[in-house]
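Next up, final07.txt (compact mmCIF, C-alpha atoms and all ligand atoms):
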```txt
# COMPACT_ATOMS: atom_id res chain seq x y z
CA MET R 22 14.27 -22.80 -25.75
CA GLY R 23 16.75 -20.15 -26.92
CA LYS R 24 17.72 -16.93 -25.24
CA ILE R 25 14.95 -14.35 -25.04
CA GLU R 26 15.72 -11.01 -26.69
CA PRO R 27 15.82 -8.17 -24.10
CA PHE R 28 13.47 -5.19 -24.55
CA LYS R 29 15.05 -2.07 -26.01
CA GLN R 30 12.88 0.07 -23.73
CA LYS R 31 12.57 -1.10 -20.15
CA VAL R 32 9.23 -2.57 -19.10
CA TRP R 33 8.51 -1.12 -15.67
CA LEU R 34 6.82 -2.66 -12.68
CA ALA R 35 4.30 0.20 -12.73
CA SER R 36 4.95 3.65 -14.17
CA PRO R 37 2.82 6.78 -14.74
CA THR R 38 0.34 6.58 -17.63
CA MET R 39 -0.68 10.04 -18.84
CA HIS R 40 -3.58 11.01 -21.07
CA GLY R 41 -3.43 14.73 -21.90
CA GLU R 42 -6.09 16.25 -19.64
CA GLU R 43 -3.46 16.42 -16.89
CA LEU R 44 -1.50 18.98 -18.91
CA GLU R 45 -4.62 21.07 -19.50
CA TYR R 46 -5.31 21.41 -15.77
CA VAL R 47 -1.63 22.10 -15.04
CA THR R 48 -1.58 24.73 -17.80
CA GLU R 49 -4.74 26.28 -16.40
CA ALA R 50 -3.04 26.58 -13.01
CA TYR R 51 -0.02 28.16 -14.71
CA ASN R 52 -2.01 30.61 -16.82
CA THR R 53 -4.11 31.77 -13.88
CA ASN R 54 -1.02 31.82 -11.61
CA TRP R 55 -2.51 29.45 -9.02
CA MET R 56 0.94 27.88 -8.68
CA SER R 57 0.76 27.40 -4.92
CA THR R 58 -1.11 25.23 -2.45
CA VAL R 59 -4.51 26.81 -3.10
CA GLY R 60 -6.68 26.70 -6.20
CA LYS R 61 -9.39 25.06 -8.22
CA ASN R 62 -7.47 21.85 -8.90
CA ILE R 63 -7.10 21.09 -5.20
CA ASN R 64 -10.75 21.81 -4.53
CA GLU R 65 -11.78 19.56 -7.41
CA VAL R 66 -9.43 16.75 -6.36
CA GLU R 67 -10.87 16.84 -2.83
CA LYS R 68 -14.39 16.64 -4.26
CA ILE R 69 -13.62 13.82 -6.71
CA ALA R 70 -11.52 11.83 -4.22
CA ALA R 71 -14.28 11.90 -1.59
CA GLU R 72 -16.93 10.90 -4.14
CA LYS R 73 -14.84 8.13 -5.64
CA SER R 74 -13.87 6.65 -2.27
CA GLU R 75 -17.42 7.04 -0.92
CA VAL R 76 -16.53 9.19 2.07
CA LYS R 77 -17.76 12.66 2.98
CA TYR R 78 -14.43 14.51 3.03
CA ALA R 79 -11.00 14.32 1.43
CA VAL R 80 -8.00 16.49 2.32
CA GLY R 81 -5.38 16.95 -0.43
CA LEU R 82 -1.84 16.42 0.89
CA SER R 83 1.74 16.20 -0.40
CA CYS R 84 1.74 12.39 -0.19
CA CYS R 85 -0.05 9.44 1.33
CA THR R 86 2.60 9.14 4.05
CA ALA R 87 1.66 12.66 5.20
CA ALA R 88 -2.01 11.62 5.10
CA LEU R 89 -1.26 8.57 7.25
CA HIS R 90 0.68 10.75 9.66
CA LEU R 91 -2.29 13.08 10.12
CA CYS R 92 -4.58 10.01 10.43
CA CYS R 93 -2.39 8.83 13.34
CA LYS R 94 -2.45 12.25 14.92
CA LEU R 95 -6.24 12.56 14.62
CA ALA R 96 -6.76 9.05 16.01
CA GLY R 97 -4.23 9.59 18.81
CA GLU R 98 -5.78 12.86 19.98
CA ARG R 99 -9.29 11.40 19.80
CA LEU R 100 -8.24 8.38 21.87
CA TYR R 101 -5.79 9.84 24.35
CA GLY R 102 -6.28 13.61 24.25
CA LYS R 103 -3.90 16.33 23.17
CA PRO R 104 -0.30 15.45 24.08
CA ALA R 105 2.22 17.83 25.61
CA ILE R 106 3.85 19.96 22.94
CA SER R 107 6.95 17.83 22.40
CA HIS R 108 5.18 14.48 22.69
CA GLY R 109 3.50 12.35 20.05
CA ALA R 110 -0.22 11.68 20.10
CA LEU R 111 0.49 7.92 20.41
CA GLU R 112 3.38 8.28 22.87
CA GLY R 113 4.20 4.87 24.38
CA ARG R 114 0.98 3.29 23.07
CA ARG R 115 0.93 -0.04 21.26
CA VAL R 116 -0.72 0.05 17.83
CA PHE R 117 -1.61 -3.06 15.80
CA CYS R 118 -0.19 -2.75 12.28
CA SER R 119 -0.08 -4.69 9.01
CA ASP R 120 3.15 -6.66 8.78
CA MET R 121 3.56 -7.46 5.09
CA THR R 122 3.31 -3.96 3.62
CA PHE R 123 5.34 -0.91 2.63
CA ASP R 124 6.93 0.68 5.70
CA ALA R 125 5.10 3.96 4.97
CA THR R 126 1.95 2.25 6.30
CA LEU R 127 3.23 2.34 9.86
CA ASN R 128 6.23 4.67 10.08
CA PRO R 129 3.72 7.46 10.90
CA VAL R 130 2.74 5.50 14.05
CA VAL R 131 6.36 5.95 15.15
CA TYR R 132 6.36 9.66 14.17
CA GLU R 133 3.68 10.03 16.85
CA GLY R 134 5.61 7.99 19.43
CA GLY R 135 3.54 4.81 19.05
CA ILE R 136 4.89 1.25 19.25
CA PRO R 137 3.90 -0.91 16.27
CA VAL R 138 2.85 -4.47 17.13
CA PHE R 139 2.70 -6.39 13.88
CA ILE R 140 -0.18 -8.65 12.91
CA ASP R 141 0.69 -11.61 10.72
CA THR R 142 -0.71 -12.13 7.24
CA ASP R 143 -3.66 -14.30 6.25
CA ARG R 144 -2.47 -17.02 3.87
CA ASP R 145 -5.77 -16.91 1.96
CA THR R 146 -5.85 -13.14 1.40
CA TRP R 147 -2.23 -11.91 1.78
CA ASN R 148 -3.69 -9.11 3.92
CA MET R 149 -3.87 -8.64 7.72
CA ASP R 150 -5.17 -11.82 9.32
CA PRO R 151 -8.39 -11.14 11.27
CA VAL R 152 -7.81 -14.28 13.39
CA ALA R 153 -4.34 -13.04 14.38
CA LEU R 154 -5.82 -9.61 15.11
CA GLU R 155 -8.32 -11.18 17.52
CA LYS R 156 -5.43 -13.03 19.14
CA ALA R 157 -3.53 -9.75 19.52
CA PHE R 158 -6.51 -8.10 21.26
CA GLU R 159 -6.54 -11.06 23.63
CA MET R 160 -2.86 -10.44 24.42
CA TYR R 161 -3.08 -6.62 24.56
CA PRO R 162 -6.69 -5.65 25.41
CA GLU R 163 -5.62 -2.06 26.09
CA VAL R 164 -4.82 -1.40 22.41
CA LYS R 165 -7.17 1.12 20.79
CA LEU R 166 -5.77 1.63 17.27
CA VAL R 167 -5.27 -0.62 14.22
CA VAL R 168 -3.47 0.40 11.01
CA SER R 169 -4.28 -1.96 8.16
CA ALA R 170 -3.27 -1.80 4.48
CA GLU R 171 -4.64 -3.51 1.39
CA LEU R 172 -1.87 -5.37 -0.46
CA TYR R 173 -1.18 -4.68 -4.16
CA GLY R 174 -4.79 -3.66 -4.77
CA PHE R 175 -6.15 -7.09 -3.79
CA PRO R 176 -8.22 -6.46 -0.65
CA GLY R 177 -8.75 -8.93 2.16
CA ARG R 178 -11.68 -8.64 4.54
CA MET R 179 -11.21 -5.06 5.74
CA ASP R 180 -14.89 -5.14 6.75
CA GLU R 181 -14.11 -7.96 9.18
CA ILE R 182 -11.09 -6.05 10.51
CA LYS R 183 -13.39 -3.07 11.05
CA LYS R 184 -15.90 -5.22 12.97
CA ILE R 185 -13.16 -6.58 15.22
CA CYS R 186 -12.00 -3.01 15.91
CA GLU R 187 -15.54 -1.96 16.82
CA LYS R 188 -15.93 -4.95 19.12
CA HIS R 189 -12.80 -3.90 21.03
CA GLY R 190 -13.55 -0.16 20.99
CA ALA R 191 -10.57 0.51 18.71
CA LEU R 192 -10.23 2.94 15.80
CA LEU R 193 -9.17 1.79 12.33
CA ILE R 194 -6.79 3.57 9.97
CA GLU R 195 -7.11 2.11 6.47
CA ASP R 196 -4.07 2.51 4.22
CA ALA R 197 -5.69 2.24 0.79
CA ALA R 198 -2.59 3.58 -1.01
CA GLU R 199 -2.46 0.56 -3.30
CA ALA R 200 -6.18 -0.17 -3.47
CA MET R 201 -7.93 2.90 -4.89
CA GLY R 202 -10.96 1.74 -6.88
CA ALA R 203 -10.95 -1.78 -5.42
CA THR R 204 -14.13 -2.86 -3.60
CA ILE R 205 -15.27 -5.22 -0.83
CA ASP R 206 -18.92 -6.28 -1.22
CA GLY R 207 -19.32 -3.34 -3.58
CA ARG R 208 -17.92 -0.83 -1.09
CA GLN R 209 -14.87 1.23 -2.03
CA CYS R 210 -11.54 0.66 -0.33
CA GLY R 211 -10.71 3.84 1.55
CA SER R 212 -14.21 3.96 3.06
CA PHE R 213 -13.64 1.38 5.82
CA GLY R 214 -11.30 3.27 8.12
CA ASP R 215 -12.31 5.85 10.71
CA TYR R 216 -9.48 7.58 8.87
CA SER R 217 -8.17 6.39 5.51
CA ALA R 218 -5.54 7.42 3.01
CA VAL R 219 -4.94 7.07 -0.74
CA SER R 220 -1.77 7.76 -2.73
CA TYR R 221 -0.99 9.47 -6.04
CA ASN R 222 2.66 8.37 -6.00
CA GLY R 223 4.22 7.82 -9.43
CA ASN R 224 3.75 4.07 -9.49
CA LYS R 225 0.19 3.86 -8.11
CA ILE R 226 -2.95 3.09 -10.15
CA ILE R 227 -3.37 6.82 -10.89
CA THR R 228 -0.77 9.45 -10.14
CA GLY R 229 -0.09 13.13 -9.65
CA SER R 230 3.68 12.40 -9.74
CA SER R 231 3.17 12.55 -5.98
CA GLY R 232 0.36 13.46 -3.60
CA GLY R 233 -2.24 11.79 -1.44
CA CYS R 234 -5.56 12.35 0.30
CA LEU R 235 -6.75 11.83 3.85
CA LEU R 236 -10.32 10.48 3.85
CA THR R 237 -12.85 10.79 6.66
CA ASN R 238 -16.57 11.25 7.33
CA SER R 239 -15.89 13.83 10.05
CA LEU R 240 -15.98 17.47 8.93
CA GLU R 241 -14.29 18.55 12.13
CA ASP R 242 -11.39 16.13 11.59
CA ALA R 243 -11.04 17.04 7.90
CA ASN R 244 -10.77 20.70 8.88
CA LYS R 245 -8.25 19.88 11.60
CA ALA R 246 -6.07 17.93 9.14
CA ARG R 247 -6.27 20.76 6.58
CA LYS R 248 -5.20 23.26 9.23
CA TRP R 249 -2.32 21.09 10.50
CA SER R 250 -1.15 20.57 6.90
CA THR R 251 -0.74 24.32 6.38
CA GLN R 252 1.43 25.07 9.44
CA ALA R 253 -1.51 25.19 11.88
CA ARG R 254 -2.18 28.91 11.62
CA GLU R 255 -4.92 30.29 13.82
CA ASN R 256 -7.51 32.70 12.52
CA ALA R 257 -5.71 35.97 13.32
CA ALA R 258 -4.19 38.97 11.57
CA TRP R 259 -0.67 37.63 12.16
CA TYR R 260 0.95 34.20 12.37
CA GLN R 261 -0.72 32.92 15.50
CA HIS R 262 -0.03 29.31 16.60
CA GLU R 263 -1.64 27.15 19.27
CA GLU R 264 -0.39 23.77 18.04
CA VAL R 265 2.39 22.18 16.00
CA GLY R 266 1.91 22.43 12.25
CA TYR R 267 3.25 20.75 9.11
CA ASN R 268 3.90 21.73 5.52
CA TYR R 269 1.89 18.85 4.07
CA ARG R 270 -0.57 20.55 1.69
CA MET R 271 -0.96 19.34 -1.90
CA SER R 272 0.30 21.67 -4.61
CA ASN R 273 -2.33 23.03 -7.03
CA VAL R 274 -0.04 22.03 -9.92
CA ILE R 275 0.14 18.41 -8.79
CA ALA R 276 -3.59 18.51 -8.12
CA GLY R 277 -3.97 19.35 -11.82
CA VAL R 278 -2.28 16.07 -12.75
CA VAL R 279 -4.40 14.12 -10.26
CA ARG R 280 -7.57 15.80 -11.53
CA GLY R 281 -6.73 14.76 -15.09
CA GLN R 282 -6.04 11.18 -13.99
CA TYR R 283 -9.23 10.42 -12.05
CA PRO R 284 -11.42 10.01 -15.16
CA HIS R 285 -9.01 7.23 -16.25
CA LEU R 286 -9.07 5.20 -13.05
CA GLU R 287 -11.53 2.59 -14.35
CA GLU R 288 -9.60 2.29 -17.61
CA HIS R 289 -6.35 1.71 -15.70
CA ILE R 290 -8.07 -0.95 -13.58
CA ALA R 291 -9.30 -2.71 -16.74
CA GLN R 292 -5.75 -2.70 -18.17
CA LYS R 293 -4.30 -4.07 -14.92
CA LYS R 294 -6.97 -6.75 -14.79
CA ALA R 295 -6.12 -7.85 -18.34
CA ILE R 296 -2.44 -8.06 -17.33
CA TYR R 297 -3.31 -10.21 -14.31
CA GLU R 298 -5.47 -12.53 -16.39
CA ARG R 299 -2.81 -12.94 -19.09
CA TYR R 300 -0.28 -13.93 -16.40
CA LYS R 301 -2.76 -16.37 -14.91
CA GLU R 302 -3.37 -17.95 -18.31
CA GLY R 303 0.29 -17.83 -19.39
CA LEU R 304 1.60 -19.43 -16.19
CA LYS R 305 -0.95 -22.25 -16.23
CA GLY R 306 0.56 -25.65 -15.54
CA LEU R 307 3.47 -24.22 -13.53
CA PRO R 308 3.64 -24.85 -9.76
CA VAL R 309 2.71 -21.22 -8.97
CA LYS R 310 -0.35 -19.27 -7.86
CA MET R 311 -1.23 -15.63 -8.53
CA ASN R 312 -2.32 -13.11 -5.84
CA PRO R 313 -5.49 -14.47 -4.21
CA ILE R 314 -8.81 -12.83 -5.06
CA VAL R 315 -11.02 -12.96 -1.99
CA GLU R 316 -14.69 -13.81 -2.48
CA GLY R 317 -16.86 -10.70 -2.52
CA THR R 318 -13.96 -8.39 -3.40
CA GLU R 319 -13.11 -6.76 -6.71
CA PRO R 320 -9.39 -5.87 -6.83
CA ASN R 321 -7.92 -2.95 -8.78
CA TYR R 322 -5.20 -5.42 -9.88
CA TRP R 323 -2.44 -2.82 -9.28
CA LEU R 324 0.42 -5.33 -9.07
CA SER R 325 0.31 -8.90 -10.34
CA ALA R 326 2.33 -11.22 -8.12
CA LEU R 327 2.98 -14.95 -7.95
CA ILE R 328 3.90 -17.42 -5.26
CA ILE R 329 5.86 -20.61 -5.99
CA ASP R 330 4.54 -23.86 -4.51
CA LYS R 331 6.64 -25.07 -1.57
CA ASP R 332 7.81 -28.24 -3.29
CA ALA R 333 8.90 -26.31 -6.42
CA MET R 334 11.24 -24.02 -4.46
CA CYS R 335 14.97 -24.48 -4.93
CA LYS R 336 17.21 -23.51 -2.03
CA GLN R 337 17.37 -19.73 -1.56
CA VAL R 338 19.14 -17.82 1.19
CA ARG R 339 18.74 -14.11 1.86
CA ASN R 340 20.62 -11.93 4.30
CA ASP R 341 19.96 -8.22 4.87
CA SER R 342 21.16 -7.18 1.43
CA GLU R 343 21.86 -10.14 -0.84
CA ALA R 344 20.31 -13.38 -2.04
CA LEU R 345 21.83 -16.65 -3.20
CA TYR R 346 20.15 -19.75 -4.59
CA ILE R 347 21.13 -23.20 -5.74
CA LYS R 348 19.62 -24.09 -9.08
CA GLU R 349 17.76 -27.39 -9.24
CA ALA R 350 16.09 -28.92 -12.30
CA GLY R 351 12.35 -28.18 -12.36
CA LYS R 352 12.61 -25.87 -9.35
CA THR R 353 13.16 -22.16 -8.93
CA CYS R 354 12.86 -19.27 -6.45
CA PRO R 355 11.90 -15.58 -6.55
CA THR R 356 15.57 -14.56 -6.85
CA GLU R 357 15.98 -16.57 -10.06
CA ILE R 358 12.67 -15.34 -11.49
CA LEU R 359 13.54 -11.69 -10.73
CA GLU R 360 16.96 -12.18 -12.36
CA ALA R 361 15.32 -13.71 -15.44
CA ILE R 362 12.91 -10.77 -15.67
CA ALA R 363 15.76 -8.26 -15.22
CA SER R 364 17.83 -10.05 -17.87
CA ILE R 365 15.28 -9.09 -20.54
CA ASN R 366 15.17 -5.47 -19.31
CA ALA R 367 11.93 -5.68 -17.33
CA GLU R 368 11.29 -4.83 -13.70
CA GLY R 369 9.95 -7.22 -11.08
CA ARG R 370 10.20 -6.87 -7.30
CA PRO R 371 10.26 -9.09 -4.24
CA ILE R 372 7.14 -9.15 -2.08
CA TRP R 373 7.24 -6.44 0.64
CA LYS R 374 9.66 -7.77 3.23
CA PRO R 375 7.58 -8.14 6.39
CA MET R 376 8.10 -5.40 8.96
CA HIS R 377 8.93 -7.82 11.79
CA MET R 378 11.93 -8.97 9.71
CA GLN R 379 13.24 -5.42 9.19
CA PRO R 380 16.31 -4.53 11.28
CA MET R 381 14.52 -1.43 12.56
CA TYR R 382 11.48 -3.34 13.85
CA ARG R 383 13.09 -6.66 14.75
CA MET R 384 12.56 -6.22 18.46
CA HIS R 385 8.87 -5.46 18.01
CA GLU R 386 6.22 -8.02 18.71
CA CYS R 387 4.55 -9.83 15.81
CA VAL R 388 1.37 -11.77 16.51
CA GLY R 389 0.19 -14.76 14.50
CA ARG R 390 -2.85 -17.01 14.92
CA ALA R 391 -1.19 -18.98 17.70
CA GLY R 392 0.36 -16.00 19.45
CA SER R 393 3.70 -14.28 19.36
CA ILE R 394 6.04 -14.88 16.44
CA ARG R 395 9.60 -14.36 17.52
CA CYS R 396 10.98 -15.31 14.15
CA ARG R 397 13.74 -13.23 12.63
CA THR R 398 14.79 -14.64 9.28
CA ASN R 399 13.43 -18.12 8.97
CA ALA R 400 9.87 -18.89 7.96
CA TYR R 401 9.23 -21.54 10.53
CA ILE R 402 11.15 -20.75 13.69
CA ALA R 403 8.32 -19.45 15.73
CA GLY R 404 7.05 -19.52 19.27
CA GLY R 405 4.40 -21.99 18.21
CA ALA R 406 2.95 -19.66 15.60
CA GLU R 407 3.50 -20.04 11.90
CA ASP R 408 5.09 -17.00 10.22
CA VAL R 409 2.94 -16.57 7.12
CA GLY R 410 4.47 -13.23 6.07
CA ALA R 411 8.00 -14.62 6.07
CA ASP R 412 6.84 -17.58 4.00
CA ILE R 413 5.09 -15.44 1.34
CA PHE R 414 8.17 -13.20 1.22
CA ASP R 415 10.34 -16.30 0.67
CA ARG R 416 8.28 -17.72 -2.16
CA GLY R 417 6.60 -14.70 -3.79
CA ALA R 418 7.48 -12.08 -6.41
CA CYS R 419 5.79 -9.05 -8.01
CA LEU R 420 5.70 -9.15 -11.81
CA PRO R 421 5.99 -6.31 -14.34
CA SER R 422 2.49 -4.77 -14.30
CA ASP R 423 2.82 -1.59 -16.30
CA ASN R 424 -0.35 -0.43 -18.10
CA LYS R 425 1.66 0.27 -21.23
CA MET R 426 3.23 -3.19 -21.47
CA THR R 427 2.14 -4.81 -24.77
CA GLU R 428 0.76 -8.34 -25.00
CA GLU R 429 3.85 -9.34 -26.95
CA GLN R 430 6.13 -7.98 -24.21
CA GLN R 431 4.14 -9.78 -21.54
CA GLU R 432 4.35 -12.99 -23.57
CA ARG R 433 8.15 -12.72 -23.51
CA ILE R 434 8.13 -12.08 -19.74
CA ILE R 435 5.96 -15.17 -19.28
CA TRP R 436 8.49 -17.18 -21.30
CA ALA R 437 11.32 -15.86 -19.15
CA ILE R 438 9.45 -17.02 -16.03
CA ARG R 439 8.66 -20.40 -17.60
CA SER R 440 12.33 -20.92 -18.44
CA CYS R 441 13.16 -20.77 -14.70
CA PHE R 442 11.23 -24.00 -14.15
CA GLU R 443 13.25 -25.96 -16.73
C1 LIG R 501 2.85 3.91 -1.78
C2 LIG R 501 2.39 3.52 -0.46
C3 LIG R 501 2.37 4.43 0.61
C4 LIG R 501 2.97 5.79 0.54
O1 LIG R 501 2.44 6.62 -0.42
P1 LIG R 501 3.18 8.01 -0.75
O2 LIG R 501 2.12 8.77 -1.49
O3 LIG R 501 4.33 7.67 -1.63
O4 LIG R 501 3.59 8.66 0.50
C5 LIG R 501 1.83 4.02 1.81
N1 LIG R 501 1.37 2.79 1.99
C6 LIG R 501 1.41 1.87 1.00
C7 LIG R 501 0.85 0.52 1.26
C8 LIG R 501 1.94 2.19 -0.25
O5 LIG R 501 2.00 1.27 -1.20
```

Can the structure in the file be given as structure tokens, please?
Ligand SMILES: *Cc1c(COP(=O)(O)O)cnc(C)c1O
Amino acid sequence: MGKIEPFKQKVWLASPTMHGEELEYVTEAYNTNWMSTVGKNINEVEKIAAEKSEVKYAVGLSCCTAALHLCCKLAGERLYGKPAISHGALEGRRVFCSDMTFDATLNPVVYEGGIPVFIDTDRDTWNMDPVALEKAFEMYPEVKLVVSAELYGFPGRMDEIKKICEKHGALLIEDAAEAMGATIDGRQCGSFGDYSAVSYNGNKIITGSSGGCLLTNSLEDANKARKWSTQARENAAWYQHEEVGYNYRMSNVIAGVVRGQYPHLEEHIAQKKAIYERYKEGLKGLPVKMNPIVEGTEPNYWLSALIIDKDAMCKQVRNDSEALYIKEAGKTCPTEILEAIASINAEGRPIWKPMHMQPMYRMHECVGRAGSIRCRTNAYIAGGAEDVGADIFDRGACLPSDNKMTEEQQERIIWAIRSCFE
């Protein structure tokens, strides 16, 4: 096969897809001068977000990371009471966290002084492993909080995670940043946590350019989060403060973009699903598998990803910033595939590097099915426990999944991937 012609315009991993209504709501905000953090767009977004995610209340915030921070603060104060003014609500407390995810899932635990203990990934779902979570409760029965994310819009069994939390008297924070619109047994992702969060970041399934919502069924907690997000002002004639506040509120302009995007969520999901299915079909016969779809779940298909079979992996070595591989006939590795994709001006991405392999969190505990994983860089050095996250990171890659990618462009990307196996 000859060289594949690169795209003149870059094909992105996932970029904003606008429709026109966004501009109308933004213009309305402009024309009525509601250019601040109050206004109709915010109120509407909170209404639509709660309805869509099947919870009672949504709080519009500057981003999902801010939402997760306030989730941690709400959970921490509910569990352990109000901390001293310069202490976090999770000060010195262990919190069980997803391991193979974006670091924004659990950095907020650290903002509140908590200590993340990572839970290894389930090979069959690529999400938090419920068996490993049970093991972790065995090891640390005092833990009262779990932060779990859905990966790439392909949910695992968050309902099972929730049940395990209930059994151990723990609260659940669900990071549904990547999974808006996905369901588990017909129930919306974002509705499983005691506190949940969704994201309107530029590369998510719908976007406001930025923004996020905190989701909860507690009116009292929603009001608390809204108050904290606007500098925690008390009801008084002057600036009166009884607790620490944040500047986390969503802008009414950004809310206009989000409001215009929500009606297109299902359409975006259908486009992403078609992309996933074309990859699945186009990569048939190669020693790879696509992201797993767990029985009973309906993904939103946000990012298509593949994993190379173990015996089709050529040698690949990664340090903290670079990767090298040795080409072998008929074999490949994520590094070669990502280079091939980049060479035709398209954007792929490695799988999220597991948190327990990150320099910052290397000394933190990571629990697998058989107990503690003290692995640093190698998939199978472990204290008896297999390191599933490290293995998926080794062999997996995210593929260009932009809604606006044409079938012809995707065909060329598929050929570029196929050429790596020659
Ligand atoms: C994008 C993302 C976030 C952060 O969302 P922001 O709105 O950018 O703050 C958090 N968690 C996961 C899993 C994400 O993918």

For this session: Could you check how far CA of Asn312 (chain R) sits from CA of Glu155 (chain R), in Å to one decimal?
Result: 24.2 Å

For this session: Go through the chains and note each residue within 9 Å of ligand LIG 501 (chain R), using all atoms listed in the file, then give the set as an NGL selection string.
Result: :R and (82-89 or 122-127 or 169-173 or 196-200 or 218-225 or 231-234)

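In terms of minimum interatomic distance to Pro308 (chain R), R:Glu443 ranks closest within R:Arg270, R:Lys245, R:Glu443, R:Gly277, counting all atoms listed in the file.
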
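The space between CA of Lys68 (chain R) and CA of Phe175 (chain R) spans 25.1 Å.
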
Problem set entry | Residue among R:His262, R:His377, R:Lys425, R:Lys184 lying closest to Lys248 (chain R), counting all atoms listed in the file | R:His262

All residues 7 Å or closer to Glu75 (chain R), all atoms listed in the file, same chain fewer than 2 positions away omitted, as a compact mmCIF listing (two decimals) with C-alpha atoms, in the frame of the given file:
```
# COMPACT_ATOMS: atom_id res chain seq x y z
CA ALA R 71 -14.28 11.90 -1.59
CA GLU R 72 -16.93 10.90 -4.14
CA LYS R 73 -14.84 8.13 -5.64
CA LYS R 77 -17.76 12.66 2.98
CA GLN R 209 -14.87 1.23 -2.03
CA SER R 212 -14.21 3.96 3.06
```

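The interatomic distance for the pair CA of Lys293 (chain R) and CA of Glu429 (chain R) works out to 15.5 Å.
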
Exercise. Which is closer to Leu235 (chain R) than all the others in R:Gly266, R:Gly134, R:Gly81, R:Gly207, using all atoms listed in the file?
Worked result: R:Gly81
